[in-house]
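Participant: I'm passing along my_file.txt; it holds compact mmCIF, N, CA and C atoms.
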# COMPACT_ATOMS: atom_id res chain seq x y z
N MET A 1 -42.65 -37.60 51.83
CA MET A 1 -42.46 -38.09 53.18
C MET A 1 -43.66 -38.93 53.60
N LYS A 2 -43.37 -39.90 54.43
CA LYS A 2 -44.45 -40.71 54.98
C LYS A 2 -45.13 -39.93 56.10
N LYS A 3 -46.38 -40.30 56.37
CA LYS A 3 -47.09 -39.67 57.48
C LYS A 3 -46.53 -40.14 58.81
N GLU A 4 -46.11 -41.41 58.89
CA GLU A 4 -45.56 -41.96 60.13
C GLU A 4 -44.36 -42.84 59.80
N TYR A 5 -43.44 -42.89 60.73
CA TYR A 5 -42.25 -43.74 60.60
C TYR A 5 -42.20 -44.69 61.77
N ASP A 6 -41.69 -45.90 61.53
CA ASP A 6 -41.59 -46.93 62.56
C ASP A 6 -40.19 -46.90 63.16
N PHE A 7 -40.08 -46.47 64.41
CA PHE A 7 -38.79 -46.42 65.09
C PHE A 7 -38.67 -47.56 66.11
N ALA A 8 -39.41 -48.63 65.92
CA ALA A 8 -39.43 -49.74 66.88
C ALA A 8 -38.05 -50.38 67.04
N HIS A 9 -37.25 -50.41 65.98
CA HIS A 9 -35.94 -51.05 66.05
C HIS A 9 -34.80 -50.03 66.05
N ALA A 10 -35.10 -48.80 66.32
CA ALA A 10 -34.08 -47.76 66.32
C ALA A 10 -33.18 -47.89 67.54
N GLN A 11 -31.95 -47.43 67.39
CA GLN A 11 -30.99 -47.45 68.50
C GLN A 11 -30.55 -46.02 68.76
N GLN A 12 -30.80 -45.54 69.96
CA GLN A 12 -30.42 -44.18 70.31
C GLN A 12 -28.90 -44.08 70.42
N GLY A 13 -28.32 -43.06 69.81
CA GLY A 13 -26.89 -42.82 69.89
C GLY A 13 -26.05 -43.72 69.01
N ARG A 14 -26.65 -44.41 68.08
CA ARG A 14 -25.94 -45.38 67.24
C ARG A 14 -24.80 -44.73 66.46
N PHE A 15 -25.00 -43.53 65.98
CA PHE A 15 -23.98 -42.86 65.17
C PHE A 15 -23.28 -41.74 65.92
N TYR A 16 -23.42 -41.71 67.23
CA TYR A 16 -22.79 -40.67 68.04
C TYR A 16 -21.29 -40.92 68.16
N THR A 17 -20.51 -39.88 67.99
CA THR A 17 -19.06 -39.94 68.20
C THR A 17 -18.70 -38.93 69.26
N LYS A 18 -17.98 -39.38 70.28
CA LYS A 18 -17.56 -38.48 71.34
C LYS A 18 -16.62 -37.42 70.76
N PRO A 19 -16.72 -36.19 71.22
CA PRO A 19 -15.85 -35.14 70.69
C PRO A 19 -14.36 -35.47 70.79
N GLU A 20 -13.95 -36.14 71.86
CA GLU A 20 -12.53 -36.48 72.00
C GLU A 20 -12.07 -37.56 71.03
N ASP A 21 -13.01 -38.27 70.40
CA ASP A 21 -12.66 -39.29 69.42
C ASP A 21 -12.64 -38.74 67.99
N MET A 22 -13.06 -37.50 67.83
CA MET A 22 -13.09 -36.89 66.49
C MET A 22 -11.72 -36.36 66.11
N GLU A 23 -11.43 -36.39 64.84
CA GLU A 23 -10.19 -35.82 64.35
C GLU A 23 -10.48 -34.43 63.79
N ILE A 24 -9.59 -33.50 64.08
CA ILE A 24 -9.76 -32.13 63.61
C ILE A 24 -9.09 -32.00 62.25
N PRO A 25 -9.82 -31.55 61.26
CA PRO A 25 -9.17 -31.32 59.96
C PRO A 25 -8.36 -30.03 60.01
N TYR A 26 -7.19 -30.05 59.42
CA TYR A 26 -6.35 -28.86 59.37
C TYR A 26 -6.30 -28.38 57.94
N TYR A 27 -6.65 -27.12 57.73
CA TYR A 27 -6.64 -26.53 56.41
C TYR A 27 -5.45 -25.58 56.32
N LEU A 28 -4.52 -25.87 55.42
CA LEU A 28 -3.31 -25.09 55.28
C LEU A 28 -3.35 -24.28 53.99
N THR A 29 -2.66 -23.15 54.02
CA THR A 29 -2.52 -22.38 52.78
C THR A 29 -1.66 -23.20 51.83
N PRO A 30 -1.79 -22.99 50.53
CA PRO A 30 -0.99 -23.77 49.58
C PRO A 30 0.52 -23.67 49.83
N ASP A 31 1.00 -22.48 50.17
CA ASP A 31 2.44 -22.32 50.44
C ASP A 31 2.87 -23.11 51.67
N LEU A 32 2.07 -23.05 52.72
CA LEU A 32 2.40 -23.76 53.94
C LEU A 32 2.36 -25.27 53.70
N GLU A 33 1.39 -25.73 52.95
CA GLU A 33 1.30 -27.16 52.66
C GLU A 33 2.49 -27.62 51.82
N LYS A 34 2.88 -26.81 50.86
CA LYS A 34 4.04 -27.13 50.02
C LYS A 34 5.30 -27.26 50.87
N ASN A 35 5.52 -26.30 51.78
CA ASN A 35 6.69 -26.35 52.65
C ASN A 35 6.63 -27.54 53.60
N LEU A 36 5.46 -27.84 54.13
CA LEU A 36 5.30 -28.98 55.02
C LEU A 36 5.61 -30.29 54.29
N ARG A 37 5.12 -30.42 53.07
CA ARG A 37 5.39 -31.64 52.29
C ARG A 37 6.88 -31.77 51.98
N ARG A 38 7.52 -30.66 51.65
CA ARG A 38 8.95 -30.67 51.34
C ARG A 38 9.75 -31.09 52.57
N LEU A 39 9.44 -30.50 53.72
CA LEU A 39 10.15 -30.84 54.95
C LEU A 39 9.90 -32.29 55.36
N ALA A 40 8.68 -32.74 55.22
CA ALA A 40 8.33 -34.12 55.59
C ALA A 40 9.10 -35.10 54.72
N GLU A 41 9.19 -34.81 53.44
CA GLU A 41 9.92 -35.70 52.54
C GLU A 41 11.41 -35.72 52.91
N ARG A 42 11.95 -34.57 53.25
CA ARG A 42 13.35 -34.47 53.63
C ARG A 42 13.65 -35.30 54.88
N HIS A 43 12.69 -35.35 55.80
CA HIS A 43 12.88 -36.08 57.06
C HIS A 43 12.32 -37.49 57.02
N GLY A 44 11.80 -37.91 55.87
CA GLY A 44 11.29 -39.27 55.72
C GLY A 44 10.02 -39.53 56.50
N LYS A 45 9.19 -38.51 56.65
CA LYS A 45 7.93 -38.66 57.38
C LYS A 45 6.77 -38.28 56.48
N LYS A 46 5.57 -38.67 56.92
CA LYS A 46 4.36 -38.21 56.25
C LYS A 46 4.09 -36.78 56.72
N PRO A 47 3.48 -35.95 55.87
CA PRO A 47 3.19 -34.57 56.29
C PRO A 47 2.37 -34.49 57.58
N GLU A 48 1.40 -35.38 57.75
CA GLU A 48 0.57 -35.33 58.96
C GLU A 48 1.37 -35.70 60.21
N GLU A 49 2.37 -36.59 60.05
CA GLU A 49 3.23 -36.93 61.19
C GLU A 49 4.09 -35.74 61.59
N LEU A 50 4.66 -35.07 60.60
CA LEU A 50 5.49 -33.91 60.88
C LEU A 50 4.66 -32.78 61.49
N LEU A 51 3.46 -32.57 61.00
CA LEU A 51 2.58 -31.55 61.55
C LEU A 51 2.26 -31.85 63.02
N ARG A 52 2.03 -33.11 63.35
CA ARG A 52 1.75 -33.49 64.74
C ARG A 52 2.94 -33.17 65.63
N VAL A 53 4.16 -33.50 65.16
CA VAL A 53 5.37 -33.23 65.94
C VAL A 53 5.54 -31.72 66.15
N ILE A 54 5.34 -30.95 65.10
CA ILE A 54 5.47 -29.49 65.20
C ILE A 54 4.46 -28.93 66.19
N LEU A 55 3.22 -29.36 66.09
CA LEU A 55 2.18 -28.87 66.99
C LEU A 55 2.46 -29.25 68.45
N GLU A 56 2.92 -30.48 68.67
CA GLU A 56 3.25 -30.90 70.03
C GLU A 56 4.35 -30.03 70.62
N LYS A 57 5.38 -29.74 69.84
CA LYS A 57 6.49 -28.91 70.34
C LYS A 57 6.03 -27.48 70.57
N GLU A 58 5.21 -26.95 69.69
CA GLU A 58 4.71 -25.58 69.87
C GLU A 58 3.82 -25.47 71.10
N LEU A 59 2.95 -26.46 71.32
CA LEU A 59 2.08 -26.44 72.49
C LEU A 59 2.88 -26.56 73.78
N ALA A 60 3.93 -27.39 73.76
CA ALA A 60 4.78 -27.53 74.95
C ALA A 60 5.50 -26.21 75.23
N LEU A 61 5.96 -25.55 74.19
CA LEU A 61 6.63 -24.26 74.35
C LEU A 61 5.67 -23.21 74.90
N LEU A 62 4.45 -23.18 74.38
CA LEU A 62 3.46 -22.23 74.88
C LEU A 62 3.11 -22.49 76.34
N ASP A 63 3.08 -23.76 76.74
CA ASP A 63 2.84 -24.11 78.15
C ASP A 63 3.96 -23.58 79.04
N GLN A 64 5.19 -23.67 78.55
CA GLN A 64 6.34 -23.21 79.33
C GLN A 64 6.33 -21.71 79.55
N ILE A 65 5.96 -20.96 78.52
CA ILE A 65 6.02 -19.50 78.65
C ILE A 65 4.75 -18.93 79.26
N GLY A 66 3.76 -19.77 79.45
CA GLY A 66 2.56 -19.37 80.18
C GLY A 66 1.55 -18.73 79.36
As structure tokens, what does this structure read like?

Facilitator:
Amino acid sequence: MKKEYDFAHAQQGRFYTKPEDMEIPYYLTPDLEKNLRRLAERHGKKPEELLRVILEKELALLDQIG
């Protein structure tokens, strides 16, 4: 390591990403992923698209039941 570093041209927050702009990774069990891929293929969608639709419907249902 150097004794001193030159931060004269540094930009604060240059690599900052707002939490709302971040994507959440979803980790599925192998069986769940296999079923999701099968269903997505059957419906002509990408697995991530189908997962988004499923999550949106589940969240709406949970909102309804309180």

Participant: So how many Å separate atom CA of Leu50 of chain A and atom CA of Gln64 of chain A, to one decimal?

Facilitator: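 Atom CA of Gln64 of chain A lies 21.3 Å from atom CA of Leu50 of chain A.
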
Participant: If you run DSSP over the backbone, which residues in segment 3-56 of chain A end up helix (DSSP H, G or I)? Put them as a VMD selection string.

Facilitator: chain A and resid 19 to 21 30 to 42 47 to 56

Participant: As an exercise, work out the distance from atom N of Lys34 of chain A to atom N of Pro47 of chain A in Å and give it to one decimal place.

Facilitator: 10.4 Å

Participant: Restricting the calculation to only N, CA and C atoms: of A:Ala8, A:Leu36, A:Met1, A:Leu61, which residue gets closest to Glu48 of chain A?

Facilitator: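 Residue with the minimum atom-to-atom distance to Glu48 of chain A: A:Leu36.
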
Participant: So the first atom is atom CA of Asp21 of chain A and the second is atom N of Arg37 of chain A; what is the distance between them in Å, to one decimal place?

Facilitator: 25.7 Å

Participant: For Leu51 of chain A, please output as a tab-separated table (two decimals) with N, CA and C atoms, keeping the file's coordinate frame all residues within 12 Å (counting only C-alpha atoms; exclusion window: fewer than 6 positions along the same chain).

Facilitator:
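In the end it all went to around.tsv:
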chain	number	residue	atom	x	y	z
A	25	PRO	N	-9.82	-31.55	61.26
A	25	PRO	CA	-9.17	-31.32	59.96
A	25	PRO	C	-8.36	-30.03	60.01
A	26	TYR	N	-7.19	-30.05	59.42
A	26	TYR	CA	-6.35	-28.86	59.37
A	26	TYR	C	-6.30	-28.38	57.94
A	27	TYR	N	-6.65	-27.12	57.73
A	27	TYR	CA	-6.64	-26.53	56.41
A	27	TYR	C	-5.45	-25.58	56.32
A	28	LEU	N	-4.52	-25.87	55.42
A	28	LEU	CA	-3.31	-25.09	55.28
A	28	LEU	C	-3.35	-24.28	53.99
A	32	LEU	N	2.07	-23.05	52.72
A	32	LEU	CA	2.40	-23.76	53.94
A	32	LEU	C	2.36	-25.27	53.70
A	33	GLU	N	1.39	-25.73	52.95
A	33	GLU	CA	1.30	-27.16	52.66
A	33	GLU	C	2.49	-27.62	51.82
A	35	ASN	N	5.52	-26.30	51.78
A	35	ASN	CA	6.69	-26.35	52.65
A	35	ASN	C	6.63	-27.54	53.60
A	36	LEU	N	5.46	-27.84	54.13
A	36	LEU	CA	5.30	-28.98	55.02
A	36	LEU	C	5.61	-30.29	54.29
A	37	ARG	N	5.12	-30.42	53.07
A	37	ARG	CA	5.39	-31.64	52.29
A	37	ARG	C	6.88	-31.77	51.98
A	39	LEU	N	9.44	-30.50	53.72
A	39	LEU	CA	10.15	-30.84	54.95
A	39	LEU	C	9.90	-32.29	55.36
A	40	ALA	N	8.68	-32.74	55.22
A	40	ALA	CA	8.33	-34.12	55.59
A	40	ALA	C	9.10	-35.10	54.72
A	45	LYS	N	9.19	-38.51	56.65
A	45	LYS	CA	7.93	-38.66	57.38
A	45	LYS	C	6.77	-38.28	56.48
A	57	LYS	N	5.38	-29.74	69.84
A	57	LYS	CA	6.49	-28.91	70.34
A	57	LYS	C	6.03	-27.48	70.57
A	58	GLU	N	5.21	-26.95	69.69
A	58	GLU	CA	4.71	-25.58	69.87
A	58	GLU	C	3.82	-25.47	71.10
